[in-house]
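Here's the structure we're looking at; comments come further down.
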Amino acid sequence: MAPAALPMPDAFLLQAGYNATFVTLGSMFLGMAAGVTGTFLYLRKRSLISDALAHATLPGVGLAFLLMVALGGDGRSLPLLLAGAGLSALAGLLCVHLLSTRTRLPLDAAIGAVLSVSYGLGIVILTVIQALSAGRQAGLEGFLLGSAAGMLQSDALLIGFGGAAAALLVILFRRPLLLVAFDPGYAATCGVSPARTDLMLMVLVLAVTLTGLKVVGLILIVALLIIPPVAARLWSDRAGVVVAVAGGIGGAAGYGGAAASAMAPDLPTGAVIVLLAFAAFVISLLVGPVRGVIPQALRRARMRGHLDGAG
Amino acid sequence: MIPQRQIAPVASLTVPALSISGLSVAYDDTIVVGDVDARFMSGTMTAIIGPNGAGKSSLLKATLGIVPTLAGHVAFFGEPLDTVRNRVAYVPQRAGVDWDFPARVLDVVLMGLYGELGIFGRLRPSHEKRAMDCIARVGLTDFARRQIGALSGGQQQRVFLARALAQRADILLLDEPFAGVDAATEKALVQVLHALRGEGRAIVAVHHDLATVPAYFDHVLLLNRRCIAEGPVATAFTEKALAQTYGARGAAHA
């Protein structure tokens with residue numbers, strides 16, 4: 001079939017140029033990783049921790065920028081910014097862990113406290129940076145809502161490989177992750193340490209969060225970790241299938257969002273990706289074969305038909 | 001030359017399937033299990049009984065390393081748990097997990113094979129057949145491909161037993177296996193457990209119904225924070241020991 005047969009915009013067919021192709025494929029792998037990793041987080045009922053984790057990256061991004069500038073750089077090296085983000089996210093995670101295990105504070109309150117305080121701190125640091133650079137845009141705002149436009153090819157490669165690696169690790173370790181998510185006590189008796197498995201899951205979520213920081217942004221990355229699994233759950237009662245469907249939904253949303261922002265660079269990439277994932281959720285809610293509204297109504301109607309037929 | 005000594009097989013009747021010595025468990029600053037000594041032999045079925053809060057579940061969980069111990073020593077077949085994990089199966093309380101989890105009965109029973117498969121071992125058709133055999137043994141064949149949330153409480157309890165069977169363990173530790181199941185299911189579960197005992201496996205179960213102890217079990221451990229009595233039902237399950245365990249009033253109603 002000739003490409004012209006479909007009135008499809010070039011970006012969706014990876015025809016919008018070499019760089020845009022890299023960015024689109026990188027976002028797709030990121031979305032897959034988020035869907036796959038997010039499923040285990042969802043099954044472990046820890047989804048919201050990723051929100052604290054994501055917001056806690058912001059102070060690290062700002063501090064890494066300041067440090068680079070102080071050392072004479074331009075502060076734009078993505079790997080170094082992500083290293084800073086990772087360190088401060090780990091600090092945030094540690095705070096949530098300590099607050100929820102060493103004090104009487106429940107987990108949700110600990111998450112809320114760490115999330116808002118780190119975000120506030122990060123915004124203050126960003127404001128300071130803007131005042132310092134006196135008009136010169138540091139470009140750090142992209143980390144809030146994500147911007148695939150203007151991303152370098154090397155950034156896209158980093159994101160694509162990071163996402164693929166995280167997804168691969170999660171799939172390799174699916175058995176211990178599933179065992180701990182379903183029944184941590186039993187897992188412990190099988191020699192699978194729930195504490196170590198949870199830590200591994202958190203590190204993988206951190207990897208996905210950092211990978212997605214530039215594309216989706218730290219405010220919305222949590223949506224990419226939560227929406228695909230919740231949508232996928234409507235399609236199957238088997239964990240393996242839920243993981244695969246969530247990966248597919250996340251990947252499609254990442255692909256579509258990045259392609260859309262290649263065409264319209266003013267669109268916030270993260271927001272488009274999340275809205276696409278949400279559209280997949282709405283469709284799943286309606287037609288998902290296991291728990292979708294329409295299949296359920298049909299099953300009930302058929303049941304009623306059987307009753308009438310019998311009576 | 002010194003003649004080589006015969007090494008006793010591990011399953012020998014003289015090595016307890018489980019031996020606990022001086023085991024204590026504490027939550028925060030409260031001791032919930034204090035200095036318990038007990039031995040459980042292969043081919044026996046023991047009830048752990050005692051009032052609410054006596055530390056029955058805690059004893060079981062501490063034995064399995066699910067909750068940390070304050071002091072004491074635990075050995076399965078004369079060895080630490082880490083080296084004989086595949087021979088030890090735990091059947092937790094049904095209420096402890098989310099039954100809305102995306103898994104079918106078969107998937108949960110297959111989890112019993114994860115210890116043997118390791119992380120990278122391939123799941124083969126023979127494994128699935130083994131899981132199906134265990135499902136048949138607890139009478140759930142027709143439900144094997146149902147989502148676990150669609151089962152009744154008694155059926156869910158049987159899923160956990162099937163998962164333990166799939167492990168082919170030599171000792172089963174069950175936390176209130178008969179809680180909230182109907183009489184028919186209870187009977188079916190007891191039959192399976194008795195068959196396992198007949199195969200030479202050790203069964204240890206936290207149990208609540210004093211009336212069924214002599215019919216179901218051959219040994220008892222009476223627990224109220226500390227071990228009150230332990231041994232064969234005939235000698236340890238006495239009025240006096242029950243009075244000590246439950247307090248005089250409780251024993252009168254037992």
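Following the order of the structure tokens, chains are lettered A, B, ..., residues in each are numbered from 1, and ligands are numbered from 1.
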
At most 12 Å is the cut-off: for each residue in range 87-119 of chain B with any atom that close to an atom of range 232-242 of chain A, write down the nearest atom pair and the distance in Å rounded to one decimal, counting only C-alpha atoms, chain first then increasing number, as a tab-separated table.
```
residue	atom	partner	partner_atom	distance
B:Trp99	CA	A:Asp237	CA	11.3
B:Asp100	CA	A:Asp237	CA	9.0
B:Phe101	CA	A:Asp237	CA	7.8
B:Pro102	CA	A:Asp237	CA	4.3
B:Ala103	CA	A:Arg238	CA	4.8
B:Arg104	CA	A:Arg238	CA	6.6
B:Val105	CA	A:Arg238	CA	10.3
B:Leu106	CA	A:Arg238	CA	10.3
B:Asp107	CA	A:Arg238	CA	8.0
B:Val108	CA	A:Arg238	CA	10.5
```

Contact check, chain B to chain A, at most 8 Å, counting only C-alpha atoms, closest pairs as CSV:
```
residue,atom,partner,partner_atom,distance
B:Leu64,CA,A:Thr189,CA,6.0
B:Gly65,CA,A:Thr189,CA,7.1
B:Ile66,CA,A:Gly185,CA,6.0
B:Asp82,CA,A:Gly191,CA,7.2
B:Arg85,CA,A:Cys190,CA,6.3
B:Asn86,CA,A:Cys190,CA,7.3
B:Val88,CA,A:Thr189,CA,7.9
B:Ala89,CA,A:Thr189,CA,7.5
B:Tyr90,CA,A:Tyr186,CA,6.5
B:Val91,CA,A:Tyr186,CA,7.6
B:Pro92,CA,A:Tyr186,CA,7.0
B:Gly96,CA,A:Asp183,CA,7.6
B:Val97,CA,A:Asp183,CA,5.9
B:Asp98,CA,A:Phe182,CA,6.9
B:Phe101,CA,A:Phe182,CA,6.9
B:Pro102,CA,A:Asp237,CA,4.3
B:Ala103,CA,A:Arg238,CA,4.8
B:Arg104,CA,A:Arg238,CA,6.6
B:Met111,CA,A:Leu179,CA,7.1
B:Tyr114,CA,A:Arg175,CA,7.1
B:Gly115,CA,A:Cys190,CA,5.5
B:Ile119,CA,A:Arg175,CA,6.4
B:Phe120,CA,A:Leu172,CA,7.4
B:Gln147,CA,A:Asp237,CA,6.2
```

Selection above as a file: C-alpha atoms, as a short mmCIF file (atom, residue, chain, number, x, y, z; two decimals), in the first residue's frame:
```cif
data_model
loop_
_atom_site.label_atom_id
_atom_site.label_comp_id
_atom_site.auth_asym_id
_atom_site.auth_seq_id
_atom_site.Cartn_x
_atom_site.Cartn_y
_atom_site.Cartn_z
CA LEU B 64 9.11 -19.64 58.82
CA GLY B 65 11.08 -16.42 59.13
CA ILE B 66 8.15 -14.23 58.08
CA ASP B 82 17.34 -21.72 53.95
CA ARG B 85 13.02 -24.45 51.71
CA ASN B 86 11.56 -26.69 49.04
CA VAL B 88 8.63 -26.74 53.71
CA ALA B 89 5.21 -25.43 52.66
CA TYR B 90 3.20 -22.65 54.27
CA VAL B 91 -0.55 -22.35 53.94
CA PRO B 92 -1.43 -18.82 55.09
CA GLY B 96 -4.19 -12.24 54.09
CA VAL B 97 -4.28 -11.74 50.33
CA ASP B 98 -6.21 -9.74 47.73
CA PHE B 101 -5.63 -10.28 41.99
CA PRO B 102 -5.47 -11.12 38.26
CA ALA B 103 -4.76 -14.82 38.64
CA ARG B 104 -6.62 -18.04 37.95
CA MET B 111 3.27 -20.31 42.28
CA TYR B 114 8.40 -21.04 41.70
CA GLY B 115 10.79 -22.14 44.45
CA ILE B 119 13.80 -17.15 38.51
CA PHE B 120 14.76 -18.32 35.05
CA GLN B 147 -10.31 -16.12 38.47
#
```

> Which residues, written as an NGL selection string, have at least one atom at most 12 Å from Ala144 in chain B, with only C-alpha atoms counted and residues fewer than 2 positions away on the same chain left out?
Replying inline: :B and (103-110 or 128-129 or 131-142 or 146-148 or 150-151 or 155-156 or 158-159 or 162)

> When DSSP works through the backbone of this structure, what residues of range 38-243 of chain B end up as helix (DSSP H, G or I), shown as an NGL selection string?
Replying inline: :B and (56-63 or 81-83 or 85-87 or 94-96 or 105-111 or 114-117 or 125-137 or 141-143 or 148-150 or 153-166 or 183-198 or 210-216 or 233-236 or 239-243)

>> List the spatial neighbours of Asp209 in chain B as a ChimeraX atom specification - criterion: any atom at most 12 Å away, only C-alpha atoms, same-chain residues fewer than 3 positions off excluded.
In response: /B:47-51,176-180,186,205-206,212-217,253-254

Can you write just those residues out, N, CA and C atoms, as a PDB file, in the first residue's frame?
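The resulting again.pdb:
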```
ATOM      1  N   ALA B  47      -1.958 -30.066  66.215  1.00  0.00           N
ATOM      2  CA  ALA B  47      -2.760 -28.844  66.325  1.00  0.00           C
ATOM      3  C   ALA B  47      -2.066 -27.895  67.284  1.00  0.00           C
ATOM      4  N   ILE B  48      -1.918 -26.643  66.860  1.00  0.00           N
ATOM      5  CA  ILE B  48      -1.468 -25.606  67.797  1.00  0.00           C
ATOM      6  C   ILE B  48      -2.728 -24.904  68.265  1.00  0.00           C
ATOM      7  N   ILE B  49      -3.039 -25.040  69.556  1.00  0.00           N
ATOM      8  CA  ILE B  49      -4.267 -24.418  70.051  1.00  0.00           C
ATOM      9  C   ILE B  49      -3.962 -23.476  71.200  1.00  0.00           C
ATOM     10  N   GLY B  50      -4.893 -22.555  71.412  1.00  0.00           N
ATOM     11  CA  GLY B  50      -4.728 -21.566  72.463  1.00  0.00           C
ATOM     12  C   GLY B  50      -5.707 -20.438  72.217  1.00  0.00           C
ATOM     13  N   PRO B  51      -5.944 -19.604  73.226  1.00  0.00           N
ATOM     14  CA  PRO B  51      -6.920 -18.507  73.062  1.00  0.00           C
ATOM     15  C   PRO B  51      -6.435 -17.463  72.061  1.00  0.00           C
ATOM     16  N   GLU B 176      -4.751 -21.691  60.543  1.00  0.00           N
ATOM     17  CA  GLU B 176      -6.208 -21.769  60.602  1.00  0.00           C
ATOM     18  C   GLU B 176      -6.840 -22.209  59.281  1.00  0.00           C
ATOM     19  N   PRO B 177      -6.522 -23.422  58.856  1.00  0.00           N
ATOM     20  CA  PRO B 177      -7.028 -23.881  57.547  1.00  0.00           C
ATOM     21  C   PRO B 177      -8.545 -24.043  57.510  1.00  0.00           C
ATOM     22  N   PHE B 178      -9.183 -24.170  58.684  1.00  0.00           N
ATOM     23  CA  PHE B 178     -10.624 -24.428  58.674  1.00  0.00           C
ATOM     24  C   PHE B 178     -11.447 -23.190  59.011  1.00  0.00           C
ATOM     25  N   ALA B 179     -10.789 -22.025  59.097  1.00  0.00           N
ATOM     26  CA  ALA B 179     -11.521 -20.810  59.474  1.00  0.00           C
ATOM     27  C   ALA B 179     -12.476 -20.416  58.348  1.00  0.00           C
ATOM     28  N   GLY B 180     -13.742 -20.307  58.676  1.00  0.00           N
ATOM     29  CA  GLY B 180     -14.722 -19.798  57.722  1.00  0.00           C
ATOM     30  C   GLY B 180     -15.019 -20.736  56.565  1.00  0.00           C
ATOM     31  N   GLU B 186     -14.418 -28.648  55.197  1.00  0.00           N
ATOM     32  CA  GLU B 186     -13.542 -29.010  56.305  1.00  0.00           C
ATOM     33  C   GLU B 186     -13.217 -30.502  56.245  1.00  0.00           C
ATOM     34  N   ALA B 205      -0.878 -27.419  62.237  1.00  0.00           N
ATOM     35  CA  ALA B 205      -1.943 -26.469  61.914  1.00  0.00           C
ATOM     36  C   ALA B 205      -2.381 -25.687  63.139  1.00  0.00           C
ATOM     37  N   VAL B 206      -2.513 -24.383  62.977  1.00  0.00           N
ATOM     38  CA  VAL B 206      -3.166 -23.583  64.003  1.00  0.00           C
ATOM     39  C   VAL B 206      -4.650 -23.909  63.933  1.00  0.00           C
ATOM     40  N   THR B 212     -12.939 -30.832  67.786  1.00  0.00           N
ATOM     41  CA  THR B 212     -12.488 -31.721  66.704  1.00  0.00           C
ATOM     42  C   THR B 212     -11.032 -32.140  66.847  1.00  0.00           C
ATOM     43  N   VAL B 213     -10.354 -31.645  67.888  1.00  0.00           N
ATOM     44  CA  VAL B 213      -8.919 -31.949  68.020  1.00  0.00           C
ATOM     45  C   VAL B 213      -8.644 -33.460  68.039  1.00  0.00           C
ATOM     46  N   PRO B 214      -9.322 -34.249  68.897  1.00  0.00           N
ATOM     47  CA  PRO B 214      -8.991 -35.678  68.936  1.00  0.00           C
ATOM     48  C   PRO B 214      -9.292 -36.388  67.612  1.00  0.00           C
ATOM     49  N   ALA B 215     -10.316 -35.946  66.892  1.00  0.00           N
ATOM     50  CA  ALA B 215     -10.676 -36.631  65.648  1.00  0.00           C
ATOM     51  C   ALA B 215      -9.689 -36.308  64.524  1.00  0.00           C
ATOM     52  N   TYR B 216      -9.219 -35.071  64.467  1.00  0.00           N
ATOM     53  CA  TYR B 216      -8.376 -34.651  63.350  1.00  0.00           C
ATOM     54  C   TYR B 216      -6.887 -34.895  63.601  1.00  0.00           C
ATOM     55  N   PHE B 217      -6.459 -34.649  64.839  1.00  0.00           N
ATOM     56  CA  PHE B 217      -5.017 -34.560  65.109  1.00  0.00           C
ATOM     57  C   PHE B 217      -4.534 -35.689  66.004  1.00  0.00           C
ATOM     58  N   HIS B 253     -16.102 -24.523  79.161  1.00  0.00           N
ATOM     59  CA  HIS B 253     -16.962 -24.438  77.977  1.00  0.00           C
ATOM     60  C   HIS B 253     -16.433 -25.267  76.824  1.00  0.00           C
ATOM     61  N   ALA B 254     -15.228 -25.761  76.940  1.00  0.00           N
ATOM     62  CA  ALA B 254     -14.603 -26.427  75.801  1.00  0.00           C
ATOM     63  C   ALA B 254     -15.225 -27.793  75.521  1.00  0.00           C
TER      64      ALA B 254
END
```

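With only C-alpha atoms as the atoms that count, the residue of B:Met41, B:Ser126, B:Val33, B:Asp28 with the shortest distance to Thr63 in chain B is B:Val33.
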
>> Excluding Glu116 in chain B and its own-chain neighbours fewer than 3 positions away, which residues fall within 9 Å of it when counting only C-alpha atoms? Please give them as a ChimeraX atom specification.
In response: /B:86,112-113,121,167
